[in-house]
Amino acid sequence: MEAKSGDSLTKIALITGVTGQDGTYLSKLLLDKGYVVHGIQRASSSTRTESKNESIKNINYHFHFCDMTDYSKIIRILQEALPDEIYNLAAQSNVQTSFDRPEYTAEINALGTLRLLEAIRTLGLEKKTKFFQASTGELFGNSLETPQNENTPFNPLNPYAVSKLYAFWICVNYREAYDMFVCNGILFNHESPIRPDNFVTRKVTKAVVKIKEGLQDKLYLGNLNAKRDWGFAGDYVEAMWLMLQKDQPDDYVIATGETHSVKDLVEFAFREVGIDIEWEGKGLDKKGRNASTGEILIEVDLQFYRPIESSLFVGDPSKAKEKLGWVPRTNFYELVKMMVKNDLEFAKY
Ligand code: NAP
Ligand code: GDD
């Protein structure tokens with residue numbers, strides 16, 4: 001099957017996972033750059049685009065209902081959109097959930113990626129369409145190397161990371177076997193005020209605000225010692241775009257190069273609302289008190305622990321800086337401030 005492309009100077013992008021955090025930031029970025037954007041969302045989307053993605057009001061935005069399991073629909077959408085760039089962001093992206101739903105996670109994250117690549121080939125778009133794959137720092141798992149860069153061996157520790165490992169390598173394979181323009185962005189944690197609250201940053205900032213407002217008593221968390229490299233999603237979608245503007249496809253680590261523990265995150269977020277936290281106890285008995293009132297505000301709950309996980313992630317974004325000119329503009333403290341501020345404003349309504 002050969003698809004015919006138009007002669008327009010306007011670039012056309014297709015984004016899967018457009019209702020998600022990154023899809024929301026990326027669609028805005030591309031529309032602001034003058035792209036025509038096609039977004040794929042599930043008919044059953046739990047987070048309806050209308051609620052948070054302003055892009056759909058733009059006349060250059062076209063949405064398509066499709067599930068990443070539906071190959072024939074993917075083919076039809078690509079045939080209609082004839083995209084110059086595809087950003088594959090759709091995923092079951094929650095690590096904890098992946099232990100509960102490993103098969104579904106593999107179906108969407110691994111085979112969903114394969115379906116898109118195959119659709120490009122089937123339609124004869126290999127020379128027209130550039131492809132970005134949202135890979136993850138979770139590929140490194142319990143790496144012996146710190147910080148992790150593009151040459152660090154992979155050692156995934158959960159079904160999500162294993163599904164993303166397949167996606168990473170099938171992208172490399174299609175790039176090498178079929179000379180396709182395919183890039184992996186090996187993205188470390190990136191957050192924002194629209195991050196869902198089954199991820200720790202948003203869970204913490206929302207709870208901090210509710211506790212401050214007297215709407216919640218305590219915050220229950222899992223592993224407080226885990227260290228993550230947290231950046232701002234708005235910065236990371238720029239890196240995705242930059243990768244597809246290069247002449248040659250490649251893989252890049254996208255990270256801040258700094259790491260902080262969940263405990264640091266909790267302390268800093270509470271400080272933003274004027275509460276200092278004092279810790280006592282160890283392991284599952286660890287508790288965080290309001291230093292002024294003595295009230296216990298944070299406790300550990302086993303249900304939020306994972307069967308296995310890496311205790312330390314920190315990425316080395318040197319290659320992205322050198323080759324893409326990309327640097328993160330928002331540091332950890334600015335990010336947490338931004339999220340707390342947003343949740344405080346939201347609490348007023
Ligand atoms: P997210 O907020 O969870 O968004 C995931 C998107 O995928 C949502 O739009 C979701 O749709 C869609 N989706 C899920 N299952 C689907 C299916 N079966 N068919 C079609 N669409 C489906 O994730 P994110 O934080 O924006 O991350 C974007 C990508 O980057 C993901 O691939 C993630 O794995 C990867 N990544 C993220 C980070 C991070 O820290 N944010 C780090 C490394 C890699 P609904 O709205 O319908 O649920
Ligand atoms: N979600 C959650 N909830 N995490 C908790 C909790 C809790 O109550 N308590 C402690 N944590 C710890 C987790 O064990 C983990 O070490 C850390 O907080 C971050 O967890 P998440 O925010 O759920 O993110 P993640 O690091 O597992 O995964 C995110 O980043 C990956 C890239 O490193 C996701 O966005 C993935 O899609 C992404 O690939």
# chains A, B, ... in the order shown; residues from 1 in each chain; ligands from 1
call {"tool": "residues_near_ligand", "arguments": {"ligand": "ligand 2", "cutoff": "8 Å", "atoms": "only C-alpha atoms and all ligand atoms", "output": "PyMOL selection string"}}
result
chain A and resi 91-96+135-138+160-161+187-191+197-203+220-229+262+301+304-306+309-311+313
call {"tool": "residues_near_ligand", "arguments": {"ligand": "ligand 1", "cutoff": "7 Å", "atoms": "only C-alpha atoms and all ligand atoms", "output": "NGL selection string"}}
result
:A and (16-23 or 40-42 or 44-48 or 66-69 or 88-94 or 108 or 134-137 or 186-191 or 195-196 or 233)
call {"tool": "write_last_selection", "arguments": {"atoms": "N, CA and C atoms", "output": "short mmCIF file (atom, residue, chain, number, x, y, z; two decimals), in the first residue's frame"}}
result
data_model
loop_
_atom_site.label_atom_id
_atom_site.label_comp_id
_atom_site.auth_asym_id
_atom_site.auth_seq_id
_atom_site.Cartn_x
_atom_site.Cartn_y
_atom_site.Cartn_z
N THR A 16 0.51 10.14 19.58
CA THR A 16 -0.29 9.16 20.32
C THR A 16 -0.19 9.54 21.81
N GLY A 17 -1.24 9.22 22.56
CA GLY A 17 -1.20 9.57 23.99
C GLY A 17 -1.40 11.06 24.20
N VAL A 18 -2.19 11.68 23.32
CA VAL A 18 -2.32 13.14 23.35
C VAL A 18 -3.08 13.65 24.58
N THR A 19 -3.83 12.78 25.23
CA THR A 19 -4.56 13.21 26.43
C THR A 19 -3.68 13.17 27.68
N GLY A 20 -2.49 12.62 27.56
CA GLY A 20 -1.61 12.47 28.72
C GLY A 20 -0.86 13.76 29.03
N GLN A 21 -0.03 13.69 30.05
CA GLN A 21 0.75 14.86 30.46
C GLN A 21 1.60 15.39 29.30
N ASP A 22 2.45 14.53 28.72
CA ASP A 22 3.37 14.99 27.69
C ASP A 22 2.62 15.36 26.41
N GLY A 23 1.57 14.59 26.10
CA GLY A 23 0.78 14.89 24.90
C GLY A 23 0.18 16.27 24.97
N ILE A 40 -4.10 11.14 18.69
CA ILE A 40 -4.82 9.87 18.87
C ILE A 40 -5.23 9.76 20.33
N GLN A 41 -6.53 9.57 20.55
CA GLN A 41 -6.98 9.32 21.93
C GLN A 41 -7.93 8.14 21.95
N ARG A 42 -7.95 7.48 23.11
CA ARG A 42 -8.86 6.33 23.25
C ARG A 42 -10.30 6.81 23.30
N SER A 44 -12.39 5.49 24.99
CA SER A 44 -12.77 5.33 26.39
C SER A 44 -11.87 6.16 27.29
N SER A 45 -11.20 7.19 26.72
CA SER A 45 -10.20 7.94 27.49
C SER A 45 -10.69 8.31 28.88
N SER A 46 -9.87 7.94 29.86
CA SER A 46 -10.23 8.24 31.25
C SER A 46 -10.03 9.72 31.53
N THR A 47 -9.12 10.34 30.79
CA THR A 47 -8.84 11.76 31.00
C THR A 47 -9.24 12.46 29.71
N ARG A 48 -10.51 12.79 29.57
CA ARG A 48 -11.01 13.37 28.33
C ARG A 48 -10.19 14.60 27.93
N CYS A 66 -8.74 6.10 18.74
CA CYS A 66 -8.05 4.86 18.37
C CYS A 66 -7.38 4.27 19.60
N ASP A 67 -7.36 2.96 19.67
CA ASP A 67 -6.63 2.29 20.74
C ASP A 67 -5.34 1.72 20.13
N MET A 68 -4.28 1.70 20.91
CA MET A 68 -3.00 1.21 20.38
C MET A 68 -3.02 -0.29 20.07
N THR A 69 -4.11 -0.96 20.40
CA THR A 69 -4.24 -2.37 20.02
C THR A 69 -4.84 -2.52 18.61
N ASN A 88 5.38 8.95 19.59
CA ASN A 88 4.65 7.84 20.23
C ASN A 88 4.73 7.96 21.75
N LEU A 89 3.72 8.60 22.32
CA LEU A 89 3.67 8.83 23.77
C LEU A 89 2.68 7.90 24.47
N ALA A 90 1.82 7.24 23.72
CA ALA A 90 0.78 6.40 24.35
C ALA A 90 1.44 5.25 25.11
N ALA A 91 0.99 5.04 26.33
CA ALA A 91 1.54 3.93 27.11
C ALA A 91 0.69 3.69 28.35
N GLN A 92 0.76 2.49 28.86
CA GLN A 92 0.39 2.25 30.25
C GLN A 92 1.66 2.65 30.98
N SER A 93 1.67 3.85 31.56
CA SER A 93 2.94 4.45 31.97
C SER A 93 3.22 4.33 33.47
N ASN A 94 2.35 3.66 34.21
CA ASN A 94 2.55 3.58 35.66
C ASN A 94 3.27 2.28 36.06
N ILE A 108 0.30 -2.70 25.02
CA ILE A 108 0.27 -1.29 24.60
C ILE A 108 1.68 -0.76 24.34
N ALA A 134 8.96 7.40 23.11
CA ALA A 134 9.14 7.79 24.51
C ALA A 134 9.69 6.61 25.30
N SER A 135 11.02 6.50 25.29
CA SER A 135 11.69 5.47 26.10
C SER A 135 11.91 6.04 27.50
N THR A 136 12.51 5.25 28.37
CA THR A 136 12.52 5.63 29.79
C THR A 136 13.83 5.31 30.50
N GLY A 137 14.17 6.13 31.49
CA GLY A 137 15.30 5.86 32.36
C GLY A 137 15.13 4.57 33.14
N ILE A 186 15.43 8.72 25.91
CA ILE A 186 15.47 7.94 27.16
C ILE A 186 15.18 8.92 28.28
N LEU A 187 13.87 9.06 28.56
CA LEU A 187 13.38 10.14 29.42
C LEU A 187 13.39 9.71 30.88
N PHE A 188 14.01 10.53 31.72
CA PHE A 188 13.91 10.32 33.17
C PHE A 188 12.63 11.02 33.64
N ASN A 189 12.28 10.81 34.92
CA ASN A 189 10.99 11.32 35.45
C ASN A 189 10.80 12.79 35.11
N HIS A 190 9.63 13.09 34.57
CA HIS A 190 9.29 14.51 34.37
C HIS A 190 7.83 14.72 34.73
N GLU A 191 7.60 15.84 35.37
CA GLU A 191 6.36 16.08 36.11
C GLU A 191 5.81 17.45 35.74
N ARG A 195 0.26 16.31 36.04
CA ARG A 195 0.63 14.91 36.29
C ARG A 195 -0.49 14.25 37.09
N PRO A 196 -0.96 13.05 36.69
CA PRO A 196 -1.99 12.38 37.50
C PRO A 196 -1.48 12.04 38.90
N ALA A 233 8.00 18.54 32.64
CA ALA A 233 7.52 17.98 31.35
C ALA A 233 7.62 18.99 30.21
#
call {"tool": "closest_residue", "arguments": {"among": "A:Glu54, A:Asp343, A:Asp251, A:Glu334", "to": "Leu26 of chain A", "atoms": "only C-alpha atoms"}}
result
A:Glu54
call {"tool": "closest_residue", "arguments": {"among": "A:Ile120, A:Pro249, A:Leu125, A:Ala347", "to": "Gly214 of chain A", "atoms": "only C-alpha atoms"}}
result
A:Ala347
call {"tool": "atom_distance", "arguments": {"atom1": "atom CA of Ser318 of chain A", "atom2": "atom CA of Lys164 of chain A"}}
result
22.5 Å
call {"tool": "select_by_dssp", "arguments": {"residues": "segment 8-50 of chain A", "states": "helix (DSSP H, G or I)", "output": "list in words"}}
result
Gln21, Asp22, Gly23, Thr24, Tyr25, Leu26, Ser27, Lys28, Leu29, Leu30, Leu31, Asp32, Thr49 and Glu50 of chain A
call {"tool": "select_by_dssp", "arguments": {"residues": "segment 47-268 of chain A", "states": "strand (DSSP E)", "output": "ChimeraX atom specification"}}
result
/A:61-65,85-88,130-136,182-187,190-191,219-221,227-228,231-232,252-254,260-261
call {"tool": "write_last_selection", "arguments": {"atoms": "C-alpha atoms", "output": "PDB file, in the first residue's frame"}}
result
ATOM      1  CA  TYR A  61      -5.767  20.234  15.656  1.00  0.00           C
ATOM      2  CA  HIS A  62      -7.516  17.040  14.498  1.00  0.00           C
ATOM      3  CA  PHE A  63      -8.321  14.229  16.844  1.00  0.00           C
ATOM      4  CA  HIS A  64      -8.860  10.556  16.119  1.00  0.00           C
ATOM      5  CA  PHE A  65     -10.295   7.905  18.367  1.00  0.00           C
ATOM      6  CA  GLU A  85       6.623  13.383  12.430  1.00  0.00           C
ATOM      7  CA  ILE A  86       5.102  10.818  14.786  1.00  0.00           C
ATOM      8  CA  TYR A  87       5.529  11.137  18.555  1.00  0.00           C
ATOM      9  CA  ASN A  88       4.654   7.843  20.232  1.00  0.00           C
ATOM     10  CA  LYS A 130      10.259  10.698  11.374  1.00  0.00           C
ATOM     11  CA  PHE A 131       9.442   8.746  14.538  1.00  0.00           C
ATOM     12  CA  PHE A 132       9.994   9.632  18.207  1.00  0.00           C
ATOM     13  CA  GLN A 133       9.686   6.898  20.838  1.00  0.00           C
ATOM     14  CA  ALA A 134       9.138   7.791  24.508  1.00  0.00           C
ATOM     15  CA  SER A 135      11.693   5.471  26.101  1.00  0.00           C
ATOM     16  CA  THR A 136      12.519   5.627  29.786  1.00  0.00           C
ATOM     17  CA  VAL A 182      13.610   6.703  14.454  1.00  0.00           C
ATOM     18  CA  CYS A 183      14.798   8.278  17.745  1.00  0.00           C
ATOM     19  CA  ASN A 184      14.514   7.041  21.315  1.00  0.00           C
ATOM     20  CA  GLY A 185      14.313   9.702  23.995  1.00  0.00           C
ATOM     21  CA  ILE A 186      15.474   7.936  27.160  1.00  0.00           C
ATOM     22  CA  LEU A 187      13.378  10.138  29.418  1.00  0.00           C
ATOM     23  CA  HIS A 190       9.290  14.509  34.367  1.00  0.00           C
ATOM     24  CA  GLU A 191       6.357  16.083  36.111  1.00  0.00           C
ATOM     25  CA  LEU A 219      -0.148  11.347  53.694  1.00  0.00           C
ATOM     26  CA  TYR A 220       0.648   7.626  53.284  1.00  0.00           C
ATOM     27  CA  LEU A 221       3.639   6.775  51.071  1.00  0.00           C
ATOM     28  CA  LYS A 227      15.964   8.737  44.599  1.00  0.00           C
ATOM     29  CA  ARG A 228      14.732  10.010  41.266  1.00  0.00           C
ATOM     30  CA  GLY A 231      12.459  17.429  35.645  1.00  0.00           C
ATOM     31  CA  PHE A 232       9.628  19.507  34.166  1.00  0.00           C
ATOM     32  CA  TYR A 252      19.371  10.573  23.759  1.00  0.00           C
ATOM     33  CA  VAL A 253      19.169  10.571  27.559  1.00  0.00           C
ATOM     34  CA  ILE A 254      16.905  13.415  28.688  1.00  0.00           C
ATOM     35  CA  HIS A 260      16.482  13.761  45.108  1.00  0.00           C
ATOM     36  CA  SER A 261      14.799  11.327  47.453  1.00  0.00           C
TER      37      SER A 261
END
call {"tool": "closest_residue", "arguments": {"among": "A:Thr97, A:Ile74, A:Ile170, A:Thr152", "to": "Leu123 of chain A", "atoms": "only C-alpha atoms"}}
result
A:Ile74
call {"tool": "residues_around", "arguments": {"residues": "Ile275 of chain A", "least_positions_apart": "2", "cutoff": "9 Å", "atoms": "only C-alpha atoms", "output": "list in words"}}
result
Lys212, Glu267, Ala269, Phe270, Arg271, Glu272, Val273, Ile277, Asn290, Ala291 and Ser292 of chain A
call {"tool": "closest_residue", "arguments": {"among": "A:Asn60, A:Asn331, A:Thr146, A:Gln79", "to": "Leu312 of chain A", "atoms": "only C-alpha atoms"}}
result
A:Thr146
call {"tool": "closest_residue", "arguments": {"among": "A:Val172, A:Ile308, A:Leu335, A:Leu302", "to": "Phe268 of chain A", "atoms": "only C-alpha atoms"}}
result
A:Leu335
